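**Q** What follows is query-v2.txt, compact mmCIF, C-alpha atoms.
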```
# COMPACT_ATOMS: atom_id res chain seq x y z
CA MET A 1 -66.32 220.76 -37.75
CA ASN A 2 -64.49 217.50 -38.18
CA GLU A 3 -67.27 215.27 -36.91
CA LEU A 4 -70.96 215.55 -35.96
CA TYR A 5 -72.38 212.71 -33.90
CA ALA A 6 -75.31 211.87 -31.66
CA VAL A 7 -74.70 211.09 -28.02
CA ALA A 8 -75.18 207.52 -26.91
CA ASP A 9 -77.82 208.09 -24.23
CA GLY A 10 -79.83 210.60 -26.29
CA GLU A 11 -80.02 213.17 -23.48
CA TYR A 12 -79.22 216.87 -23.51
CA GLY A 13 -77.48 216.63 -20.17
CA ARG A 14 -78.40 216.34 -16.50
CA TYR A 15 -76.41 215.87 -13.35
CA ARG A 16 -76.90 212.51 -11.63
CA ASP A 17 -76.40 212.57 -7.90
CA ASP A 18 -75.85 208.82 -7.73
CA THR A 19 -72.84 208.87 -10.10
CA GLY A 20 -71.67 212.44 -9.60
CA ALA A 21 -71.35 212.94 -13.36
CA TRP A 22 -73.17 214.67 -16.21
CA THR A 23 -75.03 212.74 -18.92
CA GLY A 24 -75.74 213.45 -22.57
CA MET A 25 -74.28 216.31 -24.55
CA VAL A 26 -73.23 218.30 -21.52
CA GLY A 27 -71.37 215.29 -20.20
CA ASP A 28 -69.47 214.80 -23.48
CA VAL A 29 -68.48 218.48 -23.60
CA VAL A 30 -67.43 218.57 -19.95
CA GLY A 31 -65.52 215.30 -20.37
CA GLY A 32 -63.66 216.55 -23.45
CA THR A 33 -65.24 214.11 -25.89
CA ALA A 34 -66.91 216.96 -27.80
CA ASP A 35 -65.93 220.57 -28.41
CA ILE A 36 -69.47 221.98 -28.67
CA ALA A 37 -73.05 220.86 -28.17
CA VAL A 38 -75.11 222.03 -31.13
CA ALA A 39 -78.74 221.41 -30.15
CA ILE A 40 -81.69 222.92 -28.32
CA VAL A 41 -79.86 222.88 -25.00
CA SER A 42 -81.66 225.03 -22.46
CA ILE A 43 -79.50 227.60 -20.69
CA THR A 44 -79.54 226.89 -16.95
CA SER A 45 -77.42 228.09 -14.05
CA ARG A 46 -76.45 224.51 -13.15
CA ARG A 47 -75.04 223.85 -16.61
CA GLN A 48 -73.42 227.27 -16.69
CA GLU A 49 -71.29 226.22 -13.69
CA VAL A 50 -69.46 223.52 -15.67
CA GLY A 51 -69.34 225.14 -19.11
CA ASP A 52 -70.07 228.25 -21.15
CA PHE A 53 -73.20 229.05 -23.11
CA THR A 54 -73.46 231.36 -26.08
CA LEU A 55 -76.17 233.98 -26.31
CA PRO A 56 -79.59 232.43 -26.91
CA PHE A 57 -80.04 231.68 -30.59
CA TYR A 58 -83.72 230.96 -29.95
CA ALA A 59 -85.96 232.46 -27.26
CA ASN A 60 -87.52 229.68 -25.24
CA GLY A 61 -89.49 229.09 -22.08
CA ILE A 62 -91.61 226.48 -20.40
CA THR A 63 -95.29 225.99 -21.14
CA PHE A 64 -97.70 223.09 -21.38
CA ALA A 65 -99.78 221.48 -24.11
CA MET A 66 -103.08 219.63 -23.95
CA ARG A 67 -105.50 218.28 -26.48
CA LYS A 68 -108.12 220.41 -28.14
CA SER A 69 -111.80 219.84 -27.66
CA GLN A 70 -113.29 217.16 -29.85
CA SER A 71 -116.58 218.31 -31.35
CA SER A 72 -118.00 218.45 -34.84
CA LYS A 73 -120.37 220.99 -36.31
CA SER A 74 -123.67 219.69 -37.63
CA ASN A 75 -126.95 221.04 -38.91
CA TRP A 76 -128.63 218.76 -36.37
CA GLY A 77 -126.65 220.07 -33.43
CA PHE A 78 -129.84 220.91 -31.54
CA VAL A 79 -130.45 217.19 -30.87
CA ARG A 80 -127.01 216.69 -29.31
CA PRO A 81 -127.99 217.48 -25.68
CA PHE A 82 -129.94 214.18 -25.52
CA GLU A 83 -128.89 210.71 -26.58
CA GLY A 84 -130.86 208.95 -29.31
CA THR A 85 -132.35 206.45 -26.88
CA LEU A 86 -133.66 209.30 -24.73
CA TRP A 87 -135.27 211.02 -27.72
CA ALA A 88 -136.92 207.73 -28.74
CA THR A 89 -138.23 207.15 -25.21
CA ILE A 90 -139.71 210.65 -25.06
CA LEU A 91 -141.53 210.17 -28.37
CA MET A 92 -142.79 206.71 -27.38
CA THR A 93 -144.10 208.10 -24.09
CA ALA A 94 -145.84 210.95 -25.90
CA VAL A 95 -147.60 208.48 -28.21
CA ALA A 96 -148.57 206.27 -25.26
CA VAL A 97 -150.08 209.22 -23.40
CA ALA A 98 -151.93 210.35 -26.54
CA ILE A 99 -153.46 206.90 -27.06
CA PHE A 100 -154.45 206.71 -23.40
CA GLN A 101 -156.18 210.09 -23.54
CA GLY A 102 -158.04 209.19 -26.72
CA VAL A 103 -159.27 205.89 -25.30
CA ALA A 104 -160.18 207.46 -21.95
CA ASN A 105 -162.28 210.06 -23.74
CA CYS A 106 -164.20 207.42 -25.69
CA VAL A 107 -164.95 204.94 -22.92
CA THR A 108 -166.10 207.51 -20.35
CA LYS A 109 -168.89 209.06 -22.41
CA GLN A 110 -172.48 208.82 -21.16
CA ARG A 111 -175.13 206.92 -23.09
CA ASP A 112 -178.18 208.87 -24.20
CA PRO A 113 -181.26 206.58 -23.76
CA GLU A 114 -183.24 208.42 -26.45
CA THR A 115 -180.67 208.40 -29.24
CA GLU A 116 -178.69 205.39 -27.93
CA GLU A 117 -175.51 207.36 -28.59
CA TYR A 118 -172.51 207.88 -26.30
CA VAL A 119 -171.97 211.58 -25.70
CA HIS A 120 -170.42 213.91 -23.13
CA PRO A 121 -172.85 215.62 -20.76
CA GLU A 122 -171.39 219.04 -21.60
CA ARG A 123 -172.54 219.19 -25.22
CA GLY A 124 -171.34 222.06 -27.33
CA THR A 125 -167.94 222.38 -25.61
CA LEU A 126 -164.61 221.68 -27.27
CA ALA A 127 -163.92 218.78 -24.93
CA ALA A 128 -167.32 217.23 -25.67
CA GLU A 129 -167.07 217.60 -29.45
CA ALA A 130 -163.48 216.35 -29.71
CA GLY A 131 -163.08 212.67 -30.46
CA PHE A 132 -160.23 210.22 -30.13
CA TRP A 133 -157.78 212.17 -32.32
CA GLY A 134 -158.69 215.47 -30.72
CA HIS A 135 -157.73 214.32 -27.25
CA ALA A 136 -154.65 212.55 -28.58
CA TRP A 137 -153.52 215.74 -30.30
CA GLU A 138 -153.96 217.78 -27.12
CA SER A 139 -151.56 215.41 -25.34
CA LEU A 140 -148.93 215.86 -28.05
CA VAL A 141 -149.34 219.64 -27.88
CA VAL A 142 -148.19 219.58 -24.26
CA LEU A 143 -144.84 218.13 -25.42
CA VAL A 144 -143.92 221.46 -27.05
CA GLN A 145 -145.35 223.45 -24.14
CA LEU A 146 -148.30 224.90 -26.04
CA SER A 147 -151.47 225.57 -24.10
CA PRO A 148 -154.15 222.96 -24.95
CA ASP A 149 -157.57 224.08 -26.13
CA PHE A 150 -159.32 222.04 -23.45
CA LEU A 151 -158.56 219.76 -20.52
CA PRO A 152 -159.61 216.11 -20.23
CA ARG A 153 -163.10 215.68 -18.75
CA SER A 154 -162.43 212.30 -17.14
CA LEU A 155 -160.61 211.80 -13.85
CA SER A 156 -158.22 209.28 -15.38
CA GLY A 157 -157.34 211.69 -18.18
CA ARG A 158 -156.58 214.47 -15.73
CA ILE A 159 -154.36 212.22 -13.61
CA VAL A 160 -152.29 211.18 -16.63
CA THR A 161 -152.12 214.76 -17.88
CA PHE A 162 -150.80 215.93 -14.49
CA PHE A 163 -147.92 213.43 -14.45
CA TRP A 164 -147.24 213.94 -18.17
CA CYS A 165 -146.90 217.70 -17.66
CA ILE A 166 -144.40 217.11 -14.83
CA GLY A 167 -142.32 214.90 -17.10
CA VAL A 168 -142.42 217.41 -19.95
CA LEU A 169 -141.42 220.21 -17.57
CA VAL A 170 -138.36 218.32 -16.31
CA ALA A 171 -137.32 217.13 -19.78
CA THR A 172 -137.69 220.58 -21.32
CA SER A 173 -135.77 222.30 -18.54
CA THR A 174 -132.95 219.74 -18.77
CA TYR A 175 -132.79 220.09 -22.55
CA THR A 176 -132.69 223.88 -22.42
CA ALA A 177 -129.91 223.92 -19.82
CA ASN A 178 -127.81 221.34 -21.65
CA LEU A 179 -128.31 223.02 -25.01
CA ALA A 180 -127.02 226.27 -23.54
CA ALA A 181 -123.99 224.39 -22.21
CA PHE A 182 -123.30 222.96 -25.67
CA LEU A 183 -123.41 226.42 -27.23
CA THR A 184 -121.03 228.01 -24.71
CA VAL A 185 -117.53 227.22 -23.57
CA SER A 186 -118.15 225.88 -20.09
CA SER A 187 -116.25 222.63 -19.60
CA ALA A 188 -113.20 221.96 -17.47
CA GLU A 189 -110.82 222.08 -20.42
CA SER A 190 -111.80 225.61 -21.39
CA SER A 191 -111.26 226.82 -17.81
CA ILE A 192 -107.58 225.76 -17.83
CA SER A 193 -105.58 228.74 -19.05
CA SER A 194 -102.56 228.76 -16.71
CA PRO A 195 -100.49 226.46 -14.49
CA GLU A 196 -102.46 227.73 -11.49
CA ASP A 197 -105.68 226.32 -12.99
CA LEU A 198 -104.19 222.84 -13.12
CA LEU A 199 -103.83 222.83 -9.35
CA THR A 200 -107.52 223.58 -8.77
CA GLN A 201 -108.99 220.80 -10.93
CA THR A 202 -109.03 217.00 -10.90
CA GLU A 203 -109.98 216.01 -14.45
CA TYR A 204 -106.54 216.50 -16.01
CA THR A 205 -103.21 215.04 -14.93
CA TYR A 206 -99.94 216.77 -15.80
CA GLY A 207 -96.29 215.88 -16.00
CA ALA A 208 -92.96 216.55 -17.72
CA VAL A 209 -90.14 214.82 -19.57
CA GLU A 210 -88.00 213.24 -16.87
CA PRO A 211 -84.57 213.57 -18.62
CA TYR A 212 -85.18 217.27 -19.40
CA SER A 213 -83.93 220.19 -17.35
CA SER A 214 -87.51 221.48 -17.08
CA TYR A 215 -88.40 218.61 -14.74
CA THR A 216 -85.29 219.34 -12.67
CA GLN A 217 -86.39 222.94 -12.32
CA PHE A 218 -89.77 221.80 -11.03
CA GLN A 219 -87.93 219.85 -8.33
CA THR A 220 -85.64 222.67 -7.23
CA THR A 221 -87.86 225.75 -7.43
CA THR A 222 -89.52 227.25 -4.39
CA ALA A 223 -91.81 229.62 -6.28
CA GLU A 224 -95.51 228.90 -6.49
CA PRO A 225 -97.37 227.40 -8.24
CA TYR A 226 -94.38 225.60 -9.78
CA HIS A 227 -93.28 224.12 -6.46
CA SER A 228 -96.72 222.54 -5.94
CA LEU A 229 -96.72 221.28 -9.52
CA GLY A 230 -93.32 219.67 -8.90
CA LEU A 231 -94.55 217.98 -5.73
CA TYR A 232 -97.49 216.51 -7.64
CA MET A 233 -95.20 215.20 -10.38
CA GLN A 234 -92.86 213.66 -7.83
CA ALA A 235 -95.72 211.97 -5.97
CA ASN A 236 -97.20 210.55 -9.19
CA LYS A 237 -94.04 210.07 -11.21
CA GLU A 238 -94.96 206.56 -12.34
CA SER A 239 -98.04 207.80 -14.19
CA VAL A 240 -97.27 211.39 -15.21
CA LEU A 241 -93.57 211.45 -16.16
CA VAL A 242 -92.48 210.47 -19.67
CA GLN A 243 -89.09 209.70 -21.16
CA SER A 244 -89.41 211.73 -24.37
CA VAL A 245 -91.41 214.55 -25.87
CA ALA A 246 -92.91 212.19 -28.45
CA GLU A 247 -94.22 209.93 -25.69
CA GLY A 248 -95.66 212.90 -23.83
CA LEU A 249 -97.41 214.24 -26.93
CA GLU A 250 -99.04 210.88 -27.63
CA LYS A 251 -100.18 210.71 -24.03
CA ALA A 252 -101.66 214.22 -24.29
CA ARG A 253 -103.53 213.26 -27.49
CA ALA A 254 -105.00 210.11 -25.96
CA GLU A 255 -105.75 211.19 -22.40
CA ASN A 256 -106.71 214.13 -20.24
CA TYR A 257 -103.05 215.00 -19.78
CA ALA A 258 -101.01 218.22 -19.90
CA LEU A 259 -97.32 218.05 -20.84
CA PHE A 260 -94.84 220.62 -19.50
CA THR A 261 -91.73 221.09 -21.63
CA ASP A 262 -89.86 223.60 -23.80
CA SER A 263 -92.15 225.95 -25.68
CA ALA A 264 -90.18 225.56 -28.92
CA GLU A 265 -90.79 221.84 -29.12
CA LEU A 266 -94.45 222.26 -28.24
CA ASP A 267 -94.88 225.02 -30.84
CA TYR A 268 -93.35 222.69 -33.41
CA ALA A 269 -95.68 219.82 -32.47
CA VAL A 270 -98.99 221.68 -32.19
CA SER A 271 -98.53 223.48 -35.51
CA ARG A 272 -98.41 220.20 -37.43
CA ARG A 273 -100.95 217.52 -38.15
CA PRO A 274 -103.03 215.93 -36.77
CA CYS A 275 -103.71 219.35 -35.19
CA THR A 276 -105.22 217.91 -32.02
CA LEU A 277 -103.02 219.73 -29.50
CA LYS A 278 -102.72 223.30 -28.30
CA THR A 279 -100.34 225.22 -26.06
CA VAL A 280 -101.89 226.87 -23.03
CA GLY A 281 -100.79 229.68 -20.79
CA ARG A 282 -97.91 232.12 -20.71
CA LEU A 283 -94.24 231.22 -20.88
CA PHE A 284 -92.31 230.94 -17.63
CA TRP A 285 -88.64 230.33 -16.88
CA GLN A 286 -87.77 232.10 -20.11
CA THR A 287 -84.09 231.59 -20.91
CA GLY A 288 -83.50 230.25 -24.39
CA PHE A 289 -81.44 227.72 -26.29
CA GLY A 290 -77.69 228.20 -26.61
CA PHE A 291 -74.64 226.36 -27.86
CA PHE A 292 -72.74 224.71 -25.01
CA LEU A 293 -68.93 224.86 -25.01
CA PRO A 294 -66.20 223.94 -22.50
CA LYS A 295 -65.36 226.41 -19.77
CA ASP A 296 -63.40 229.46 -21.04
CA SER A 297 -63.70 228.39 -24.68
CA PRO A 298 -62.31 231.04 -27.11
CA TYR A 299 -65.13 230.35 -29.57
CA VAL A 300 -67.91 231.73 -27.35
CA VAL A 301 -67.31 235.33 -28.45
CA GLU A 302 -67.29 234.40 -32.14
CA PHE A 303 -70.56 232.51 -31.82
CA ASN A 304 -72.13 235.44 -29.95
CA ARG A 305 -71.24 237.84 -32.75
CA ALA A 306 -72.72 235.52 -35.37
CA ILE A 307 -75.94 235.08 -33.37
CA LEU A 308 -76.39 238.85 -32.92
CA ARG A 309 -75.73 239.46 -36.61
CA ALA A 310 -78.34 236.84 -37.57
CA GLU A 311 -80.94 238.42 -35.31
CA GLU A 312 -80.28 241.92 -36.65
CA GLN A 313 -80.68 240.72 -40.24
CA GLY A 314 -83.89 238.82 -39.47
CA VAL A 315 -82.40 235.44 -40.27
CA THR A 316 -83.54 233.81 -37.03
CA GLY A 317 -87.11 235.02 -37.56
CA GLU A 318 -87.21 233.53 -41.06
CA LEU A 319 -85.85 230.22 -39.81
CA ASP A 320 -88.40 230.17 -37.00
CA HIS A 321 -91.27 230.76 -39.43
CA LYS A 322 -89.98 228.15 -41.88
CA TRP A 323 -89.04 225.30 -39.53
CA ILE A 324 -90.89 225.76 -36.25
CA ARG A 325 -94.24 227.46 -36.78
CA SER A 326 -95.91 225.57 -39.61
CA GLN A 327 -99.14 226.69 -41.28
CA GLU A 328 -100.67 223.21 -41.30
CA CYS A 329 -102.78 224.02 -38.24
CA ASP A 330 -104.17 227.54 -38.36
CA GLY A 331 -106.26 227.20 -35.19
CA SER A 332 -109.54 226.59 -37.00
CA ALA A 333 -109.75 223.15 -35.48
CA GLU A 334 -110.35 224.73 -32.07
CA SER A 335 -113.99 224.34 -31.31
CA ASN A 336 -116.31 225.19 -28.52
CA LEU A 337 -116.70 222.75 -25.74
CA GLY A 338 -119.94 221.41 -24.50
CA SER A 339 -121.56 219.66 -21.62
CA GLU A 340 -122.04 215.95 -21.25
CA VAL A 341 -124.81 214.39 -23.34
CA ILE A 342 -127.86 213.50 -21.25
CA GLY A 343 -128.78 209.83 -21.49
CA LEU A 344 -131.81 207.74 -20.63
CA GLN A 345 -130.33 206.77 -17.28
CA ASP A 346 -130.16 210.43 -16.22
CA LEU A 347 -133.91 210.96 -16.71
CA LEU A 348 -135.09 207.45 -15.92
CA GLY A 349 -136.85 208.64 -12.78
CA VAL A 350 -138.97 211.03 -14.84
CA PHE A 351 -140.28 208.20 -17.02
CA VAL A 352 -140.94 206.07 -13.95
CA LEU A 353 -143.05 208.95 -12.62
CA VAL A 354 -144.96 209.38 -15.90
CA TYR A 355 -145.67 205.67 -16.39
CA GLY A 356 -146.55 205.35 -12.73
CA GLY A 357 -149.09 208.12 -13.26
CA MET A 358 -150.41 206.26 -16.30
CA GLY A 359 -150.83 203.15 -14.15
CA LEU A 360 -152.74 205.17 -11.58
CA GLY A 361 -154.82 206.70 -14.34
CA LEU A 362 -155.54 203.22 -15.73
CA LEU A 363 -156.98 202.15 -12.38
CA ALA A 364 -159.14 205.27 -12.33
CA LEU A 365 -160.19 204.56 -15.93
CA VAL A 366 -161.33 201.04 -15.04
CA GLY A 367 -163.40 202.45 -12.18
CA GLU A 368 -164.93 205.13 -14.42
CA PHE A 369 -165.70 202.57 -17.10
CA ILE A 370 -167.50 200.25 -14.68
CA TYR A 371 -169.42 203.17 -13.19
CA ALA A 372 -170.46 204.39 -16.66
CA CYS A 373 -171.67 200.88 -17.59
CA ALA A 374 -173.70 200.71 -14.39
CA GLN A 375 -175.27 204.07 -15.24
CA ASP A 376 -176.19 202.73 -18.69
CA VAL A 377 -178.14 199.87 -17.09
CA THR A 378 -179.88 202.21 -14.64
CA ARG A 379 -180.92 204.89 -17.16
CA SER A 380 -182.02 202.70 -20.05
CA PRO A 381 -185.42 200.89 -19.70
CA ASP A 382 -184.80 198.52 -22.64
CA LYS A 383 -181.15 197.78 -23.15
CA PRO A 384 -178.63 197.19 -21.86
CA ARG A 385 -180.33 195.18 -19.16
CA THR A 386 -177.22 193.77 -17.51
CA LEU A 387 -173.80 195.09 -16.73
CA ARG A 388 -172.27 192.59 -19.12
CA GLU A 389 -174.38 193.91 -21.99
CA ALA A 390 -173.45 197.46 -21.08
CA VAL A 391 -169.77 196.62 -21.15
CA ALA A 392 -170.10 194.90 -24.53
CA MET A 393 -172.10 197.79 -26.05
CA ARG A 394 -169.71 200.41 -24.73
CA LEU A 395 -166.63 198.55 -26.00
CA TRP A 396 -168.30 198.13 -29.39
CA SER A 397 -168.90 201.87 -29.54
CA VAL A 398 -165.15 202.35 -29.24
CA VAL A 399 -164.14 199.65 -31.72
CA SER A 400 -166.82 200.19 -34.37
CA PRO A 401 -165.51 203.53 -35.68
CA LEU A 402 -162.14 201.91 -36.24
CA SER A 403 -163.67 198.90 -37.98
CA ASN A 404 -165.66 201.17 -40.27
CA LEU A 405 -162.48 202.92 -41.31
CA LEU A 406 -160.70 199.64 -42.04
CA SER A 407 -163.60 197.81 -43.80
CA PRO A 408 -164.43 198.61 -47.50
CA ARG A 409 -167.60 200.53 -48.33
CA ARG A 410 -170.58 198.58 -49.67
CA ILE A 411 -172.03 199.71 -53.01
CA THR A 412 -175.81 199.24 -53.34
CA SER A 413 -177.67 198.67 -56.62
CA ASN A 414 -179.92 201.19 -58.33
CA SER A 415 -183.03 199.18 -57.49
CA THR A 416 -182.15 199.16 -53.84
CA ASN A 417 -181.51 202.89 -53.91
CA ALA A 418 -184.84 203.42 -55.63
CA SER A 419 -186.73 201.38 -53.04
CA ASN A 420 -184.98 203.20 -50.24
CA TYR A 421 -185.87 206.51 -51.81
CA ALA A 422 -189.52 205.43 -52.12
CA ASP A 423 -189.61 204.36 -48.48
CA CYS A 424 -188.16 207.69 -47.46
CA GLU A 425 -190.69 209.59 -49.61
CA GLU A 426 -193.60 207.63 -48.17
CA GLY A 427 -192.37 208.22 -44.67
CA PHE A 428 -192.04 211.89 -45.35
CA GLN A 429 -195.64 212.11 -46.68
CA LEU A 430 -197.04 210.31 -43.67
CA GLN A 431 -195.14 212.54 -41.35
CA PHE A 432 -196.34 215.63 -43.24
CA LEU A 433 -199.99 214.53 -43.11
CA SER A 434 -199.75 213.68 -39.48
CA GLN A 435 -198.54 217.17 -38.75
CA THR A 436 -201.41 218.87 -40.75
CA PRO A 437 -203.49 221.10 -38.44
CA ASP A 438 -207.20 220.54 -37.95
CA VAL A 439 -209.40 222.45 -40.43
CA PRO A 440 -213.00 223.66 -39.64
CA THR A 441 -215.89 221.85 -41.38
CA SER A 442 -217.15 224.94 -43.20
CA GLN A 443 -213.81 225.54 -44.71
CA THR A 444 -213.57 221.87 -45.63
CA ALA A 445 -216.95 222.01 -47.52
CA TYR A 446 -215.81 225.07 -49.34
```
Can the structure from this file be put into structure tokens for me?
**A**
Amino acid sequence: MNELYAVADGEYGRYRDDTGAWTGMVGDVVGGTADIAVAIVSITSRRQEVGDFTLPFYANGITFAMRKSQSSKSNWGFVRPFEGTLWATILMTAVAVAIFQGVANCVTKQRDPETEEYVHPERGTLAAEAGFWGHAWESLVVLVQLSPDFLPRSLSGRIVTFFWCIGVLVATSTYTANLAAFLTVSSAESSISSPEDLLTQTEYTYGAVEPYSSYTQFQTTTAEPYHSLGLYMQANKESVLVQSVAEGLEKARAENYALFTDSAELDYAVSRRPCTLKTVGRLFWQTGFGFFLPKDSPYVVEFNRAILRAEEQGVTGELDHKWIRSQECDGSAESNLGSEVIGLQDLLGVFVLVYGGMGLGLLALVGEFIYACAQDVTRSPDKPRTLREAVAMRLWSVVSPLSNLLSPRRITSNSTNASNYADCEEGFQLQFLSQTPDVPTSQTAY
């Protein structure tokens, strides 16, 4: 070779109907500017009409590349089906329901006139013995779908529990379904395994390199599905056609886009970092790359012999492994695809239902509270005498346990303890004497 140069337009060669001439390498060879085109020139019948190709020195076909799924493995993958805001809202709602149930249990107890204590009428049952924290805990148990030990005794508590259980049922079912989708390959990307699949979906666009012969073949073929693919590319050429393989690869990495071009170039690109692309589907239009020479060139036979000799000796396989198929990307970056993460907006109606139920339960709770205070006035002969006093006493019964927990304990002196003990002893003696049975006189004299 006396000279090796790059063509001015950077194209391999295509026939332009508007000028009636060939461009790129093919044009230079046909025009006599060059003696041979040494490059990855695809062997096509149209080019074969104006020149001679050698035997394929590299087997090639057409396929398409698209980006791999983007997902990362984590020990906390089980929280991925829901967004963080949705998890926080669920926990806040659970706490709100628990507080409501605890308060509803305390303010709806009946007042015992004899002991002046607020108790449930069904003494001895779990619901009657459980206090604020017991009822609050039962509401939290529902969140993990465990059966509670008892149900709320008040009407307001049962109303809130009903709506809370509906919300938990919907949230749990949604979480289970979305978690299964995250653990299986079920997205649109995983379902695309052939050119036919691209025609039956709408999430991915697809195109080709406009100066390449592969795009020309899409325009001239009558075989399906390639004819339909070509019609789509022609109708959307402004958005799906690119001017170079590098531009198409960047578009595939950044968008939901599939690039059709020579399999050799795609194999070269996807086997190197950043390892975000993959080739999909079988090869079609398999021809190969060949050296392009002028028509009836005497060097075609010599090149064919050298190509066959290189294949028989395994030289072409070694070159392919060394230069085309790199080991930078071994396929481990391919990961399972998942479903879309569920956000707060998707389940907003469920929380509206739950908080609406809590509002309805609050109205019922106010009615129960007023009714219980009225019963306190009716049953007690001494106090409370008015409804206002009953409300104050009942509210104090709810607040006082909390104030006792927050206030420090009082330490009494020894003298005070001694006097208290003496009072208790005297009271015990009086009570004992008062309970002594009557004794006959004769036995008393004895």
**Q** May I have a table of the residues of range 31-120 of chain A lying at most 8 Å from range 151-158 of chain A, giving each one's closest pair of atoms and their distance in Å to one decimal, counting only C-alpha atoms, ordered by chain and ascending residue number, as a Markdown table?
**A**
```
| residue | atom | partner | partner_atom | distance |
| --- | --- | --- | --- | --- |
| A:Phe100 | CA | A:Gly157 | CA | 7.8 |
| A:Gln101 | CA | A:Gly157 | CA | 5.7 |
| A:Ala104 | CA | A:Gly157 | CA | 6.3 |
| A:Asn105 | CA | A:Ser154 | CA | 7.0 |
| A:Thr108 | CA | A:Ser154 | CA | 6.8 |
```
**Q** Kindly export the residues of the current selection with C-alpha atoms, as a compact mmCIF listing (two decimals), in the coordinates of the input.
**A**
```txt
# COMPACT_ATOMS: atom_id res chain seq x y z
CA PHE A 100 -154.45 206.71 -23.40
CA GLN A 101 -156.18 210.09 -23.54
CA ALA A 104 -160.18 207.46 -21.95
CA ASN A 105 -162.28 210.06 -23.74
CA THR A 108 -166.10 207.51 -20.35
```
**Q** Report as a list in words all protein, DNA and RNA residues lying within 12 Å of Thr176 in chain A, evaluated on all atoms listed in the file, omitting residues in the same chain fewer than 6 positions from it.
**A**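 The neighbour list is Phe78, Val79, Arg80, Pro81, Phe82, Val168, Leu169, Val170, Phe182, Leu183, Ser339 and Ile342 of chain A.
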**Q** Residues within 12 Å of Thr33 in chain A, please, as a list in words. Count only C-alpha atoms; anything in the same chain fewer than 5 positions from it doesn't count.
**A**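 Contacts, with the query itself left out: Glu3, Leu4, Tyr5, Ala6, Val7, Ala8, Gly24, Met25, Val26, Gly27, Asp28, Leu293 and Pro294 of chain A.
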**Q** Give one line per residue of range 269-305 of chain A that approaches range 205-220 of chain A to at most 12 Å, naming the two atoms of the closest pair and their distance in Å to one decimal, counting all atoms listed in the file; sort by chain then ascending residue number and deliver it as a Markdown table.
**A**
```
| residue | atom | partner | partner_atom | distance |
| --- | --- | --- | --- | --- |
| A:Phe284 | CA | A:Ser214 | CA | 10.6 |
| A:Trp285 | CA | A:Ser214 | CA | 8.9 |
| A:Gln286 | CA | A:Ser214 | CA | 11.0 |
| A:Thr287 | CA | A:Ser214 | CA | 11.3 |
| A:Phe289 | CA | A:Ser213 | CA | 12.0 |
```
**Q** Which residue, A:Gly51, A:Val30, A:Ile166, A:Val97, has the smallest gap to Glu138 in chain A when you use all atoms listed in the file?
**A**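 The answer is A:Val97, which sits nearest to Glu138 in chain A.
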**Q** In Å to one decimal, how far is CA of Gly314 in chain A from CA of Phe64 in chain A?
**A**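 Distance reported for this atom pair: 27.7 Å.
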